[in-house]
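Novice: Dumping the structure here so I can ask a few things about it.
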Amino acid sequence: MPDFMVLKDITKTYWGKDMEPVYALRWVSLTIRDWDFTAIMGPSWCWKSTLMNIVGLLDVPSTGQYFLRWKEVKNLTEDEQSLIRRNTIGFIFQWYNLIKKLKAWEQVALPLSYMWVPSSKAKERCYEALEMVWLKGRENALPNQLSWGQQQRVCVARALVTNAGLILADEPTGALDSKTGLELMELLTKLNREQNKTIL
């Protein structure tokens with residue numbers, strides 16, 4: 001299968017107040033092929049999220065090369081990167097990033113608003129995505145009316161609603177009980193196997 005992305009010798013360095021370097025990532029090389037289901041494992045604070053943000057075009061490496069669909073990312077314009085984030089990548093963030101005043105279906109609809117999907121069609125797709133993550137009947141709930149696990153599932157629905165080919169999931173089961181976490185992993189597995197989603 002073709003390569004979805006290739007990272008070569010990626011590093012990420014931060015500079016502290018004392019101007020001492022903090023090496024978040026050092027010489028990371030990784031190849032993800034179409035339809036892969038890949039887990040990056042490691043203890044807390046080992047900079048997994050930093051790597052995910054680079055893959056998702058939310059951050060840039062200090063050195064190294066990142067090829068996405070055979071194009072080197074550093075050669076893409078901001079507009080081109082924005083289009084990739086919009087059309088190709090679905091994000092499930094570790095921290096929910098929900099907007100306090102928006103209902104669950106409106107949270108899910110946010111990425112569709114950048115794709116010019118008509119409002120009636122967008123709402124229909126949002127309801128379908130929320131049903132996939134077991135939130136049927138909670139479409140109009142605000143974040144403070146949802147449990148942590150339910151808020152995380154709203155994030156999952158938001159990642160699914162655009163039909164993105166790549167789903168980046170940063171600790172997607174962290175706030176879920178074991179049963180719901182297992183169901184979510186089964187859902188991601190089903191998306192990988194039946195809809196050919198590439199999942200990291």
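Chains: A, B, ... in order of the structure tokens. Residues: from 1 per chain. Ligands: from 1, in order shown.
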Pick out the residues sitting within 12 Å of Glu171 (chain A), and hand them over as a PyMOL selection string; count only C-alpha atoms, and ignore anything fewer than 5 positions along from it in its own chain.
Specialist: chain A and resi 39-44+48-49+52+91-96+152+155-156+176+181+184-185+200
Novice: What's around region 112-124 of chain A at 8 Å? Count only C-alpha atoms, leave out sequence neighbours fewer than 4 positions away in its own chain, and write the answer as a list of chain:residue names.
Specialist: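 My list of contacting residues is A:Arg86, A:Asn87, A:Trp105, A:Glu106, A:Glu128, A:Val161, A:Thr162.
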Novice: Residues of region 99-194 of chain A within 12 Å of region 2-11 of chain A: nearest atom pair and distance (Å, one decimal) for each, counting only C-alpha atoms, sorted by chain and number, as a Markdown table?
Specialist:
```
| residue | atom | partner | partner_atom | distance |
| --- | --- | --- | --- | --- |
| A:Gly165 | CA | A:Phe4 | CA | 9.6 |
| A:Leu166 | CA | A:Phe4 | CA | 8.8 |
| A:Ile167 | CA | A:Phe4 | CA | 12.0 |
```
Novice: Among the residues of region 10-147 of chain A, find those DSSP assigns to alpha helix (DSSP H) from the backbone and print them as a PyMOL selection string.
Specialist: chain A and resi 48-55+78-87+104-113+119-132
Novice: Of the candidates A:Leu58, A:Thr180, A:Phe37, A:Thr63, which shows the shortest atom-to-atom distance to Ala24 (chain A), using only C-alpha atoms?
Specialist: A:Thr63
Novice: Could you please determine the separation between CA of Pro21 (chain A) and CA of Asn53 (chain A) in Å, to one decimal place?
Specialist: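 Computing the Euclidean distance for CA of Pro21 (chain A) and CA of Asn53 (chain A) yields 19.8 Å.
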Novice: With only C-alpha atoms as the atoms that count, which of A:Lys179, A:Lys136, A:Arg125, A:Arg69 lies nearest to Ala159 (chain A)?
Specialist: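 Of A:Lys179, A:Lys136, A:Arg125, A:Arg69, the one nearest Ala159 (chain A) is A:Arg125, counting only C-alpha atoms.
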Novice: What parts of region 50-197 of chain A does DSSP call strand (DSSP E)? I'd like the answer as a PyMOL selection string.
Specialist: chain A and resi 63-68+71-72+89-92+166-169
Novice: Only N, CA, C and O atoms, please: the residues just picked out, written as a PDB file, in the first residue's frame.
Specialist:
```pdb
ATOM      1  N   THR A  63      13.866  20.245  13.144  1.00  0.00           N
ATOM      2  CA  THR A  63      14.635  19.733  12.008  1.00  0.00           C
ATOM      3  C   THR A  63      13.980  18.440  11.541  1.00  0.00           C
ATOM      4  O   THR A  63      13.129  17.869  12.216  1.00  0.00           O
ATOM      5  N   GLY A  64      14.407  17.966  10.384  1.00  0.00           N
ATOM      6  CA  GLY A  64      13.872  16.732   9.834  1.00  0.00           C
ATOM      7  C   GLY A  64      12.916  17.001   8.685  1.00  0.00           C
ATOM      8  O   GLY A  64      12.618  18.151   8.344  1.00  0.00           O
ATOM      9  N   GLN A  65      12.435  15.924   8.092  1.00  0.00           N
ATOM     10  CA  GLN A  65      11.548  16.025   6.936  1.00  0.00           C
ATOM     11  C   GLN A  65      10.238  15.293   7.218  1.00  0.00           C
ATOM     12  O   GLN A  65      10.223  14.220   7.819  1.00  0.00           O
ATOM     13  N   TYR A  66       9.146  15.887   6.750  1.00  0.00           N
ATOM     14  CA  TYR A  66       7.825  15.292   6.885  1.00  0.00           C
ATOM     15  C   TYR A  66       7.164  15.327   5.515  1.00  0.00           C
ATOM     16  O   TYR A  66       6.921  16.394   4.954  1.00  0.00           O
ATOM     17  N   PHE A  67       6.906  14.127   4.978  1.00  0.00           N
ATOM     18  CA  PHE A  67       6.237  13.993   3.688  1.00  0.00           C
ATOM     19  C   PHE A  67       4.818  13.481   3.918  1.00  0.00           C
ATOM     20  O   PHE A  67       4.618  12.464   4.591  1.00  0.00           O
ATOM     21  N   LEU A  68       3.852  14.192   3.357  1.00  0.00           N
ATOM     22  CA  LEU A  68       2.453  13.800   3.458  1.00  0.00           C
ATOM     23  C   LEU A  68       1.917  13.660   2.047  1.00  0.00           C
ATOM     24  O   LEU A  68       1.906  14.623   1.274  1.00  0.00           O
ATOM     25  N   LYS A  71       4.369  14.795  -0.621  1.00  0.00           N
ATOM     26  CA  LYS A  71       4.748  16.203  -0.659  1.00  0.00           C
ATOM     27  C   LYS A  71       5.403  16.578   0.659  1.00  0.00           C
ATOM     28  O   LYS A  71       4.877  16.252   1.731  1.00  0.00           O
ATOM     29  N   GLU A  72       6.544  17.274   0.586  1.00  0.00           N
ATOM     30  CA  GLU A  72       7.198  17.693   1.820  1.00  0.00           C
ATOM     31  C   GLU A  72       6.422  18.867   2.416  1.00  0.00           C
ATOM     32  O   GLU A  72       6.192  19.888   1.759  1.00  0.00           O
ATOM     33  N   ILE A  89      -7.762  15.282   7.664  1.00  0.00           N
ATOM     34  CA  ILE A  89      -7.445  14.859   9.026  1.00  0.00           C
ATOM     35  C   ILE A  89      -8.615  15.121   9.967  1.00  0.00           C
ATOM     36  O   ILE A  89      -9.172  16.219  10.003  1.00  0.00           O
ATOM     37  N   GLY A  90      -8.978  14.094  10.730  1.00  0.00           N
ATOM     38  CA  GLY A  90      -9.945  14.233  11.816  1.00  0.00           C
ATOM     39  C   GLY A  90      -9.211  14.147  13.141  1.00  0.00           C
ATOM     40  O   GLY A  90      -8.466  13.194  13.370  1.00  0.00           O
ATOM     41  N   PHE A  91      -9.400  15.130  14.013  1.00  0.00           N
ATOM     42  CA  PHE A  91      -8.669  15.201  15.270  1.00  0.00           C
ATOM     43  C   PHE A  91      -9.545  14.774  16.444  1.00  0.00           C
ATOM     44  O   PHE A  91     -10.671  15.244  16.582  1.00  0.00           O
ATOM     45  N   ILE A  92      -9.010  13.885  17.272  1.00  0.00           N
ATOM     46  CA  ILE A  92      -9.611  13.593  18.573  1.00  0.00           C
ATOM     47  C   ILE A  92      -8.584  14.042  19.605  1.00  0.00           C
ATOM     48  O   ILE A  92      -7.569  13.380  19.813  1.00  0.00           O
ATOM     49  N   LEU A 166      -7.676  10.284   7.526  1.00  0.00           N
ATOM     50  CA  LEU A 166      -6.755  10.064   8.639  1.00  0.00           C
ATOM     51  C   LEU A 166      -7.402  10.550   9.922  1.00  0.00           C
ATOM     52  O   LEU A 166      -7.872  11.691   9.994  1.00  0.00           O
ATOM     53  N   ILE A 167      -7.430   9.702  10.937  1.00  0.00           N
ATOM     54  CA  ILE A 167      -7.923  10.090  12.254  1.00  0.00           C
ATOM     55  C   ILE A 167      -6.751  10.081  13.224  1.00  0.00           C
ATOM     56  O   ILE A 167      -6.104   9.051  13.422  1.00  0.00           O
ATOM     57  N   LEU A 168      -6.476  11.238  13.815  1.00  0.00           N
ATOM     58  CA  LEU A 168      -5.442  11.362  14.837  1.00  0.00           C
ATOM     59  C   LEU A 168      -6.130  11.389  16.195  1.00  0.00           C
ATOM     60  O   LEU A 168      -6.880  12.325  16.507  1.00  0.00           O
ATOM     61  N   ALA A 169      -5.884  10.380  16.990  1.00  0.00           N
ATOM     62  CA  ALA A 169      -6.560  10.235  18.281  1.00  0.00           C
ATOM     63  C   ALA A 169      -5.529  10.307  19.405  1.00  0.00           C
ATOM     64  O   ALA A 169      -4.712   9.404  19.557  1.00  0.00           O
TER      65      ALA A 169
END
```
Novice: Name the residues in contact with Leu187 (chain A) at a cut-off of 12 Å, using only C-alpha atoms, excluding same-chain residues fewer than 6 positions from it; report them as a PyMOL selection string.
Specialist: chain A and resi 129+131-134+153+156-157+160+172-173+180-181+193-195+197+199
Novice: For a test of reading the model, state the distance in Å between CA of Val108 (chain A) and CA of Cys126 (chain A), rounded to one decimal.
Specialist: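 Between CA of Val108 (chain A) and CA of Cys126 (chain A) the gap works out to 5.8 Å.
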